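Asks: Compact mmCIF, C-alpha atoms (C1' of nucleotides), saved as my_file.txt, coming up:
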# COMPACT_ATOMS: atom_id res chain seq x y z
CA MET A 1 -68.28 124.36 40.84
CA PRO A 2 -69.42 126.31 43.66
CA GLU A 3 -67.93 129.56 44.77
CA LEU A 4 -69.90 132.37 46.34
CA PRO A 5 -72.08 133.20 43.30
CA GLU A 6 -73.12 129.60 42.71
CA VAL A 7 -73.93 129.06 46.39
CA GLU A 8 -75.86 132.34 46.57
CA ILE A 9 -77.83 131.52 43.41
CA THR A 10 -78.61 128.09 44.84
CA ARG A 11 -79.80 129.74 48.06
CA GLN A 12 -82.09 132.15 46.23
CA GLY A 13 -83.53 129.40 44.05
CA LEU A 14 -84.22 127.19 47.05
CA LEU A 15 -85.94 130.00 48.93
CA LYS A 16 -88.07 130.88 45.93
CA LYS A 17 -89.42 127.33 45.79
CA ILE A 18 -89.54 126.11 49.39
CA LYS A 19 -89.39 129.01 51.86
CA HIS A 20 -92.08 128.55 54.53
CA GLN A 21 -92.82 125.00 53.34
CA VAL A 22 -93.07 122.19 55.88
CA CYS A 23 -90.63 119.29 55.59
CA THR A 24 -92.54 116.05 55.05
CA GLY A 25 -89.65 113.61 55.15
CA ALA A 26 -86.20 112.83 53.83
CA MET A 27 -84.43 110.03 52.04
CA VAL A 28 -80.72 109.43 52.63
CA ARG A 29 -79.24 107.04 50.07
CA GLU A 30 -75.59 107.68 50.91
CA THR A 31 -74.06 108.78 54.21
CA ARG A 32 -70.35 108.75 53.34
CA PHE A 33 -69.26 112.34 52.83
CA ARG A 34 -66.62 114.66 54.19
CA LYS A 35 -69.01 114.73 57.12
CA THR A 36 -71.56 112.01 57.73
CA ILE A 37 -75.20 112.76 56.94
CA PRO A 38 -77.59 111.32 59.56
CA SER A 39 -79.60 108.52 57.96
CA ASP A 40 -82.67 109.40 60.04
CA LEU A 41 -82.83 112.93 58.64
CA GLY A 42 -86.53 112.47 57.86
CA ILE A 43 -87.32 111.86 61.53
CA LEU A 44 -85.18 114.82 62.57
CA LEU A 45 -86.90 117.29 60.19
CA SER A 46 -90.44 116.05 59.55
CA GLY A 47 -93.19 118.51 60.45
CA GLN A 48 -90.83 121.47 60.70
CA ARG A 49 -91.27 124.58 58.61
CA LEU A 50 -88.29 125.96 56.72
CA LEU A 51 -88.05 129.53 57.98
CA ASP A 52 -85.05 130.77 56.02
CA ILE A 53 -81.78 129.80 54.36
CA LYS A 54 -78.72 131.93 55.07
CA ARG A 55 -75.32 131.88 53.44
CA ARG A 56 -71.94 132.23 55.12
CA GLY A 57 -69.08 131.98 52.62
CA LYS A 58 -69.81 128.85 50.61
CA TYR A 59 -71.91 127.28 53.38
CA LEU A 60 -75.70 127.34 53.52
CA ILE A 61 -77.45 127.45 56.88
CA TRP A 62 -81.01 126.14 56.70
CA CYS A 63 -83.17 127.42 59.56
CA PHE A 64 -86.03 125.10 60.49
CA GLU A 65 -88.35 125.58 63.45
CA ARG A 66 -86.42 123.24 65.76
CA SER A 67 -83.30 122.35 63.73
CA PHE A 68 -80.61 123.66 61.45
CA LEU A 69 -78.98 122.10 58.44
CA VAL A 70 -75.54 123.25 57.36
CA SER A 71 -74.65 122.27 53.81
CA HIS A 72 -71.65 122.65 51.55
CA LEU A 73 -71.47 121.77 47.85
CA GLY A 74 -67.79 120.79 47.76
CA MET A 75 -66.55 120.64 44.17
CA SER A 76 -69.42 118.94 42.39
CA GLY A 77 -72.49 119.33 44.59
CA VAL A 78 -75.86 120.52 43.30
CA LEU A 79 -79.00 121.25 45.32
CA ARG A 80 -81.97 121.28 43.03
CA VAL A 81 -85.74 121.33 43.49
CA PHE A 82 -87.74 118.70 41.62
CA PRO A 83 -91.31 117.43 41.64
CA LYS A 84 -91.24 114.46 44.01
CA GLU A 85 -91.90 111.95 41.22
CA GLU A 86 -88.68 112.92 39.41
CA PRO A 87 -86.66 109.73 38.80
CA VAL A 88 -83.54 109.29 40.93
CA ARG A 89 -80.23 109.41 39.11
CA LYS A 90 -76.75 108.22 39.95
CA HIS A 91 -75.18 110.34 42.71
CA ASP A 92 -78.55 111.65 43.93
CA HIS A 93 -77.59 111.11 47.58
CA VAL A 94 -80.18 112.91 49.67
CA ASP A 95 -83.78 114.09 49.24
CA ILE A 96 -85.41 116.59 51.56
CA GLU A 97 -89.13 116.47 50.91
CA PHE A 98 -91.60 119.34 51.06
CA GLY A 99 -95.00 117.99 50.03
CA ASP A 100 -95.02 117.64 46.23
CA LEU A 101 -91.49 119.03 45.94
CA VAL A 102 -88.15 117.54 46.82
CA VAL A 103 -84.76 119.21 47.28
CA ARG A 104 -82.31 116.74 45.82
CA TYR A 105 -78.62 116.79 46.77
CA HIS A 106 -76.54 115.43 43.90
CA ASP A 107 -72.76 115.20 44.31
CA PRO A 108 -70.61 112.84 42.21
CA ARG A 109 -67.36 113.54 44.07
CA ARG A 110 -68.92 113.63 47.54
CA PHE A 111 -66.67 116.45 48.79
CA GLY A 112 -69.73 118.28 50.07
CA PHE A 113 -71.95 117.47 53.04
CA ILE A 114 -75.14 118.19 54.92
CA ILE A 115 -75.05 118.18 58.70
CA TRP A 116 -77.96 118.45 61.10
CA LEU A 117 -77.92 120.53 64.27
CA ASP A 118 -80.42 120.77 67.06
CA LYS A 119 -81.89 124.26 67.55
CA THR A 120 -79.89 124.61 70.78
CA GLU A 121 -76.67 124.50 68.78
CA ILE A 122 -75.38 127.55 66.93
CA PRO A 123 -74.28 126.94 63.33
CA GLU A 124 -71.97 129.97 63.43
CA ASP A 125 -70.06 128.23 66.24
CA LEU A 126 -69.01 125.32 64.03
CA PRO A 127 -65.22 125.41 63.76
CA GLU A 128 -65.25 125.53 59.96
CA ILE A 129 -67.54 128.56 60.02
CA LYS A 130 -65.75 130.22 62.92
CA ARG A 131 -62.49 130.39 61.02
CA LEU A 132 -63.97 132.03 57.93
CA GLY A 133 -62.90 135.48 56.82
CA VAL A 134 -65.25 138.39 56.17
CA GLU A 135 -67.98 138.49 53.54
CA PRO A 136 -66.83 140.24 50.35
CA PHE A 137 -69.93 142.45 50.18
CA SER A 138 -69.75 143.52 53.83
CA VAL A 139 -68.43 146.90 55.01
CA GLU A 140 -65.68 145.13 56.98
CA PHE A 141 -64.11 144.04 53.70
CA ASN A 142 -62.05 147.07 52.73
CA ALA A 143 -58.45 148.01 51.98
CA GLN A 144 -57.61 148.84 55.60
CA TYR A 145 -58.87 145.47 56.75
CA LEU A 146 -56.81 143.74 54.06
CA GLU A 147 -53.70 145.71 54.90
CA GLU A 148 -54.07 144.75 58.55
CA SER A 149 -54.82 141.09 57.83
CA LEU A 150 -52.05 140.65 55.28
CA ARG A 151 -49.32 142.61 57.06
CA LYS A 152 -47.43 139.53 58.24
CA ILE A 153 -48.45 137.12 55.52
CA THR A 154 -45.70 136.17 53.10
CA ARG A 155 -47.69 133.57 51.18
CA SER A 156 -48.86 134.58 47.72
CA ILE A 157 -51.98 136.69 47.42
CA LYS A 158 -53.66 133.93 45.38
CA GLU A 159 -53.18 131.35 48.14
CA VAL A 160 -54.42 133.73 50.80
CA LEU A 161 -57.57 134.64 48.89
CA LEU A 162 -58.30 130.96 48.18
CA SER A 163 -57.87 129.96 51.81
CA GLY A 164 -61.08 131.77 52.81
CA HIS A 165 -59.51 132.88 56.10
CA VAL A 166 -59.34 136.55 55.10
CA VAL A 167 -62.28 136.91 52.73
CA VAL A 168 -64.79 134.19 51.86
CA GLY A 169 -66.40 132.97 48.68
CA VAL A 170 -63.53 133.54 46.26
CA GLY A 171 -62.55 130.22 44.70
CA ASN A 172 -60.25 129.38 41.85
CA ILE A 173 -62.21 130.97 39.00
CA TYR A 174 -63.09 134.26 40.69
CA CYS A 175 -59.67 134.53 42.29
CA SER A 176 -57.92 134.44 38.92
CA GLU A 177 -60.47 136.82 37.42
CA SER A 178 -60.33 139.27 40.33
CA LEU A 179 -56.53 139.42 40.31
CA PHE A 180 -56.60 140.11 36.58
CA GLU A 181 -59.23 142.79 37.07
CA ALA A 182 -57.04 144.41 39.75
CA GLY A 183 -53.83 144.02 37.71
CA ILE A 184 -52.17 142.00 40.50
CA ASN A 185 -49.83 139.06 39.90
CA PRO A 186 -51.10 135.94 41.68
CA PHE A 187 -47.59 135.06 42.88
CA ILE A 188 -46.83 138.30 44.74
CA SER A 189 -46.50 138.08 48.55
CA ALA A 190 -49.68 139.19 50.21
CA ASN A 191 -47.82 141.69 52.40
CA LYS A 192 -46.18 143.42 49.42
CA LEU A 193 -49.38 145.01 48.14
CA SER A 194 -49.86 148.75 48.57
CA LEU A 195 -53.01 150.24 50.04
CA LYS A 196 -53.91 151.46 46.58
CA GLN A 197 -53.61 147.95 45.15
CA LEU A 198 -55.64 146.55 48.01
CA GLU A 199 -58.35 149.08 47.22
CA LYS A 200 -58.34 147.89 43.63
CA LEU A 201 -58.49 144.30 44.80
CA VAL A 202 -61.52 144.92 47.02
CA GLN A 203 -63.34 146.58 44.13
CA ALA A 204 -62.25 143.88 41.68
CA ILE A 205 -63.54 141.04 43.85
CA ARG A 206 -66.89 142.78 44.28
CA THR A 207 -67.13 143.54 40.55
CA ILE A 208 -66.32 139.98 39.49
CA LEU A 209 -68.64 138.34 42.00
CA SER A 210 -71.47 140.73 41.08
CA LEU A 211 -70.95 140.06 37.39
CA SER A 212 -71.12 136.34 38.01
CA LEU A 213 -74.28 136.70 40.10
CA GLN A 214 -75.84 138.51 37.15
CA GLU A 215 -74.80 135.73 34.80
CA GLY A 216 -76.23 133.01 37.03
CA GLY A 217 -72.78 131.81 38.18
CA SER A 218 -70.34 129.57 36.31
CA THR A 219 -71.17 126.18 34.88
CA LEU A 220 -67.92 124.40 34.08
CA LYS A 221 -69.45 120.98 34.31
CA ASP A 222 -71.91 120.22 37.10
CA PHE A 223 -73.42 123.45 38.31
CA VAL A 224 -77.06 124.32 37.84
CA SER A 225 -79.23 126.49 40.09
CA ALA A 226 -81.93 125.07 42.34
CA GLU A 227 -84.24 125.62 39.38
CA GLY A 228 -81.95 123.79 36.97
CA LYS A 229 -80.45 126.81 35.17
CA GLU A 230 -76.83 126.88 34.04
CA GLY A 231 -74.55 129.86 34.72
CA TYR A 232 -72.79 131.79 31.98
CA PHE A 233 -70.06 133.75 33.73
CA THR A 234 -67.13 131.74 32.33
CA LEU A 235 -68.13 132.71 28.80
CA ASN A 236 -66.87 136.18 29.79
CA ALA A 237 -63.87 135.02 31.80
CA LYS A 238 -60.80 137.03 30.79
CA VAL A 239 -58.09 134.66 32.08
CA TYR A 240 -59.61 131.52 33.65
CA ALA A 241 -59.07 128.50 31.36
CA ARG A 242 -57.69 130.83 28.66
CA SER A 243 -54.00 129.79 28.76
CA GLY A 244 -52.33 130.17 25.38
CA LYS A 245 -54.97 132.64 24.21
CA PRO A 246 -54.37 136.38 23.79
CA CYS A 247 -55.02 138.71 26.69
CA LEU A 248 -58.17 140.68 25.92
CA ARG A 249 -56.53 143.84 27.24
CA CYS A 250 -52.97 143.73 25.82
CA GLY A 251 -52.83 140.79 23.41
CA LYS A 252 -49.98 138.96 25.19
CA THR A 253 -50.41 135.27 25.85
CA ILE A 254 -52.31 134.22 28.99
CA GLU A 255 -50.27 131.83 31.11
CA LYS A 256 -51.24 128.94 33.33
CA LYS A 257 -49.00 128.04 36.25
CA MET A 258 -49.70 125.65 39.08
CA GLN A 259 -49.75 127.33 42.44
CA ASN A 260 -50.26 125.30 45.58
CA GLY A 261 -51.69 122.47 43.51
CA ARG A 262 -54.24 124.73 41.80
CA ALA A 263 -54.13 126.24 38.33
CA SER A 264 -53.50 129.98 38.20
CA TYR A 265 -54.27 131.88 35.02
CA TYR A 266 -52.90 135.35 34.48
CA CYS A 267 -51.52 137.82 31.99
CA PRO A 268 -47.79 138.27 32.60
CA HIS A 269 -47.96 141.77 31.11
CA CYS A 270 -51.12 143.20 32.71
CA GLN A 271 -50.37 141.57 36.08
CA ARG A 272 -46.73 142.49 36.66
CA VAL A 273 -47.15 143.82 40.19
C1' DC B 1 -45.32 129.93 62.71
C1' DC B 2 -44.59 128.63 57.42
C1' DA B 3 -44.61 126.06 52.97
C1' DT B 4 -45.73 122.05 50.75
C1' DA B 5 -47.88 117.65 50.06
C1' DT B 6 -51.62 114.69 50.33
C1' DA B 7 -56.12 112.99 51.09
C1' DC B 8 -60.92 112.75 50.17
C1' DC B 9 -63.97 111.00 45.37
C1' DT B 10 -65.78 110.38 40.48
C1' DG B 11 -65.69 111.34 35.67
C1' DG B 12 -63.92 113.13 31.44
C1' DC B 13 -60.44 113.58 28.32
C1' DA B 14 -55.79 113.24 25.98
C1' DG B 15 -52.43 110.16 24.62
C1' DC B 16 -50.82 105.75 23.63
C1' DT C 1 -61.49 99.70 21.87
C1' DG C 2 -59.27 99.99 25.97
C1' DC C 3 -55.90 101.28 29.22
C1' DT C 4 -53.20 105.03 32.10
C1' DG C 5 -52.44 109.32 33.90
C1' DC C 6 -53.85 113.77 34.70
C1' DC C 7 -57.06 117.29 35.71
C1' DA C 8 -61.41 119.50 37.76
C1' DG C 9 -65.27 124.53 41.12
C1' DG C 10 -63.01 122.85 47.92
C1' DT C 11 -61.06 122.09 52.27
C1' DA C 12 -58.77 119.59 56.26
C1' DT C 13 -54.86 117.40 57.82
C1' DA C 14 -50.15 115.85 57.96
C1' DT C 15 -45.24 116.44 57.25
C1' DG C 16 -41.09 118.76 56.67
With the file now loaded, output its structure as structure tokens.

Replies:
Amino acid sequence: MPELPEVEITRQGLLKKIKHQVCTGAMVRETRFRKTIPSDLGILLSGQRLLDIKRRGKYLIWCFERSFLVSHLGMSGVLRVFPKEEPVRKHDHVDIEFGDLVVRYHDPRRFGFIIWLDKTEIPEDLPEIKRLGVEPFSVEFNAQYLEESLRKITRSIKEVLLSGHVVVGVGNIYCSESLFEAGINPFISANKLSLKQLEKLVQAIRTILSLSLQEGGSTLKDFVSAEGKEGYFTLNAKVYARSGKPCLRCGKTIEKKMQNGRASYYCPHCQRV
DNA sequence: CCATATACCTGGCAGC
DNA sequence: TGCTGCCAGGTATATG
């Protein structure tokens, strides 16, 4: 599921429902994740007000009065607000309670995680956050920055964008869509792109992510917002999951090729560069 | 340094 | 009706 738009929509939905609320407990039913969730989360958070939730890439940073949580949704994670009497379903691993409401972390594949930090620790200093690239909507993300960052990188542009080390938040769906939007072939070496193409790429990534935010994200299978709403972006996807279908721009057949273990969808005519 | 493979997990679906 | 194999939004680690 979750690339930048899904994580951002989750963040906004959570804030709408529980910003400034006081945590009244937690229930941890499963601790085995990519990173272990502390089973005494309720003790660690109880009585603390949730001041804000920030996003960095696909990570959420929950700011409590004397603690932080850092969460990631992995491939199949959902954070959703329910009334506290809502029945527990399979793969509902963690509840964070706020009075009559509960934030429920549901994640069938368990590639996500929630970690707890004491207020003396700095979430931005976590190694996985430290190595992240720039935010796509920040001023630092521009063609000059890309040219500089990609100068010595011979890996394909698709791999580099997906890695998150240059720009964050662009996963497999939005990467394919952005490269189509910019007319760039996913297999081209990152250092072969002209400044003009990099400018197009910057704009394309912003356009695609903005469009998805407007559509409520993409629901392929699991994703819903914190308020339970599905996202409709993939209904408008021009290449993602459209292999064998005609390109909406030129009519040629959209291709699917595996790249680094991930599916890449592109139009061999519109994305020749 | 680089490219590639694999691992982590569950569920859904195509094909037999 | 099963079974098997493959694929899925992400990311870290290991192996050449």

Asks: Can you pull out every residue within 7 Å of region 122-138 of chain A, counting all atoms listed in the file, but drop anything in the same chain fewer than 4 positions away, and send it as a PyMOL selection string?

Replies: chain A and resi 57+164-168+206

Asks: Store the residues of this selection in a file with C-alpha atoms, as a short mmCIF file (atom, residue, chain, number, x, y, z; two decimals), in the coordinates of the input.

Replies:
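Output file out_33.cif follows:
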data_model
loop_
_atom_site.label_atom_id
_atom_site.label_comp_id
_atom_site.auth_asym_id
_atom_site.auth_seq_id
_atom_site.Cartn_x
_atom_site.Cartn_y
_atom_site.Cartn_z
CA GLY A 57 -69.08 131.98 52.62
CA GLY A 164 -61.08 131.77 52.81
CA HIS A 165 -59.51 132.88 56.10
CA VAL A 166 -59.34 136.55 55.10
CA VAL A 167 -62.28 136.91 52.73
CA VAL A 168 -64.79 134.19 51.86
CA ARG A 206 -66.89 142.78 44.28
#

Asks: Restricting the calculation to all atoms listed in the file: of A:Arg262, A:Lys238, A:Lys229, A:Arg56, which residue gets closest to chain C?

Replies: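 Closest to chain C of all the choices is A:Arg262.
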
Asks: Do you have, as CSV, the list of residues of region 105-151 of chain A lying at most 10 Å from region 2-9 of chain B, each with its nearest atom pair and that distance in Å to one decimal, counting all atoms listed in the file and ordered by chain then number?

Replies:
residue,atom,partner,partner_atom,distance
A:Asp107,CA,B:DC9,C1',9.8
A:Pro108,CA,B:DC9,C1',7.6
A:Arg109,CA,B:DC9,C1',4.4
A:Arg110,CA,B:DC9,C1',6.0
A:Phe111,CA,B:DC8,C1',7.0

Asks: State, in Å with one decimal place, the distance from CA of Ile53 (chain A) to CA of Tyr105 (chain A).

Replies: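 It comes out at 15.4 Å.
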
Asks: Please, which residues of chain A lie no more than 9 Å from chain C when the count uses all atoms listed in the file, and can they be set out as a list of chain:residue names?

Replies: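 Taking all atoms listed in the file into account, A:Met1, A:Pro2, A:Glu3, A:Leu73, A:Gly74, A:Met75, A:Ser76, A:Phe111, A:Gly112, A:Ser163, A:Gly171, A:Asn172, A:Ile173, A:Ser218, A:Thr219, A:Leu220, A:Lys221, A:Asp222, A:Phe223 sit within 9 Å of chain C.
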
Asks: Calculate how many Å separate CA of Ile254 (chain A) from CA of Ala204 (chain A), rounding to one decimal.

Replies: 18.8 Å

Asks: Counting only C-alpha atoms, which of A:Glu8, A:Glu97, A:Glu85, A:Glu147 gets nearest to Ile43 (chain A)?

Replies: A:Glu97

Asks: Between CA of Gly42 (chain A) and CA of Val28 (chain A), what is the distance in Å, rounded to a tenth?

Replies: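 Taking CA of Gly42 (chain A) as the start and CA of Val28 (chain A) as the end point, the length is 8.4 Å.
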
Asks: Which residue gives the smallest distance to DT10 (chain B) among A:Arg55, A:Arg249, A:Arg242, A:His91, with all atoms listed in the file counted?

Replies: A:His91

Asks: Between A:Glu121, A:Thr234, A:Glu148, A:Pro268, which is the closest to Pro246 (chain A) once you count all atoms listed in the file?

Replies: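 Comparing A:Glu121, A:Thr234, A:Glu148, A:Pro268 against Pro246 (chain A), the winner is A:Pro268.
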
Asks: Which is closest to chain B among A:Ile153, A:Leu179, A:Ala143, A:Val103, if we use all atoms listed in the file?

Replies: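 Closest to chain B of all the choices is A:Ile153.
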
Asks: Find the spatial neighbours of Lys54 (chain A), counting only C-alpha atoms (C1' of nucleotides), within a cut-off of 9 Å - ignore same-chain residues fewer than 4 positions away - and output them as number ranges by chain.

Replies: A: 8, 11, 59-63

Asks: Once you add 3 Å to each side, what are the centre and edge lengths of the axis-aligned box holding all listed atoms of region 5-15 of chain B? One decimal in Å, as AutoDock Vina command-line options, if you can.

Replies:
--center_x -56.8 --center_y 113.9 --center_z 37.9 --size_x 23.9 --size_y 13.5 --size_z 32.5

Asks: Anything within 6 Å of (-84.6, 121.4, 45.2): list those residues as a list in words, counting only C-alpha atoms (C1' of nucleotides) and sticking to the file's coordinates.

Replies: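 Output: Leu79, Arg80, Val81, Phe82, Val102, Val103, Arg104 and Ala226 of chain A.
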
Asks: Counting all atoms listed in the file, which residue out of A:Gln197, A:Val239, A:Asn260, A:Leu69 sits closest to chain B?

Replies: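 Among A:Gln197, A:Val239, A:Asn260, A:Leu69, it is A:Asn260 that comes nearest to chain B.
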
Asks: Since the input lacks atoms, please generate N, CA and C atoms for region 65-93 of chain A and provide them as a compact mmCIF listing (two decimals), keeping the file's coordinate frame.

Replies:
# COMPACT_ATOMS: atom_id res chain seq x y z
N GLU A 65 -87.77 125.12 62.19
CA GLU A 65 -88.35 125.58 63.45
C GLU A 65 -87.57 125.06 64.66
N ARG A 66 -87.12 123.80 64.61
CA ARG A 66 -86.42 123.24 65.76
C ARG A 66 -85.07 122.61 65.39
N SER A 67 -84.56 122.93 64.20
CA SER A 67 -83.30 122.35 63.73
C SER A 67 -82.60 123.30 62.77
N PHE A 68 -81.33 123.03 62.56
CA PHE A 68 -80.61 123.66 61.45
C PHE A 68 -80.02 122.57 60.57
N LEU A 69 -79.88 122.88 59.30
CA LEU A 69 -78.98 122.10 58.44
C LEU A 69 -77.86 123.04 58.04
N VAL A 70 -76.65 122.50 57.94
CA VAL A 70 -75.54 123.25 57.36
C VAL A 70 -75.05 122.42 56.18
N SER A 71 -75.04 123.03 55.00
CA SER A 71 -74.65 122.27 53.81
C SER A 71 -73.52 122.97 53.07
N HIS A 72 -72.75 122.15 52.38
CA HIS A 72 -71.65 122.65 51.55
C HIS A 72 -71.65 121.83 50.27
N LEU A 73 -71.37 122.48 49.13
CA LEU A 73 -71.47 121.77 47.85
C LEU A 73 -70.15 121.15 47.40
N GLY A 74 -69.07 121.37 48.17
CA GLY A 74 -67.79 120.79 47.76
C GLY A 74 -67.42 121.23 46.35
N MET A 75 -66.95 120.30 45.54
CA MET A 75 -66.55 120.64 44.17
C MET A 75 -67.66 120.37 43.16
N SER A 76 -68.49 119.39 43.43
CA SER A 76 -69.42 118.94 42.39
C SER A 76 -70.86 118.84 42.88
N GLY A 77 -71.15 119.45 44.02
CA GLY A 77 -72.49 119.33 44.59
C GLY A 77 -73.51 120.23 43.90
N VAL A 78 -74.73 119.73 43.81
CA VAL A 78 -75.86 120.52 43.30
C VAL A 78 -77.04 120.28 44.22
N LEU A 79 -77.72 121.35 44.60
CA LEU A 79 -79.00 121.25 45.32
C LEU A 79 -80.06 121.77 44.38
N ARG A 80 -81.00 120.91 44.05
CA ARG A 80 -81.97 121.28 43.03
C ARG A 80 -83.36 120.82 43.43
N VAL A 81 -84.35 121.65 43.15
CA VAL A 81 -85.74 121.33 43.49
C VAL A 81 -86.40 120.62 42.32
N PHE A 82 -87.03 119.48 42.63
CA PHE A 82 -87.74 118.70 41.62
C PHE A 82 -89.15 118.41 42.13
N PRO A 83 -90.07 118.07 41.21
CA PRO A 83 -91.31 117.43 41.64
C PRO A 83 -90.95 116.08 42.26
N LYS A 84 -91.72 115.63 43.26
CA LYS A 84 -91.24 114.46 44.01
C LYS A 84 -91.21 113.17 43.19
N GLU A 85 -91.91 113.16 42.05
CA GLU A 85 -91.90 111.95 41.22
C GLU A 85 -90.70 111.88 40.26
N GLU A 86 -89.86 112.91 40.28
CA GLU A 86 -88.68 112.92 39.41
C GLU A 86 -87.81 111.67 39.66
N PRO A 87 -87.47 110.93 38.60
CA PRO A 87 -86.66 109.73 38.80
C PRO A 87 -85.29 110.04 39.42
N VAL A 88 -84.84 109.13 40.26
CA VAL A 88 -83.54 109.29 40.93
C VAL A 88 -82.42 108.89 39.98
N ARG A 89 -81.39 109.73 39.93
CA ARG A 89 -80.23 109.41 39.11
C ARG A 89 -79.03 109.04 39.97
N LYS A 90 -78.01 108.53 39.28
CA LYS A 90 -76.75 108.22 39.95
C LYS A 90 -76.24 109.47 40.69
N HIS A 91 -75.73 109.26 41.88
CA HIS A 91 -75.18 110.34 42.71
C HIS A 91 -76.23 111.28 43.30
N ASP A 92 -77.50 110.92 43.20
CA ASP A 92 -78.55 111.65 43.93
C ASP A 92 -78.56 111.08 45.35
N HIS A 93 -77.87 111.73 46.28
CA HIS A 93 -77.59 111.11 47.58
C HIS A 93 -78.66 111.37 48.64
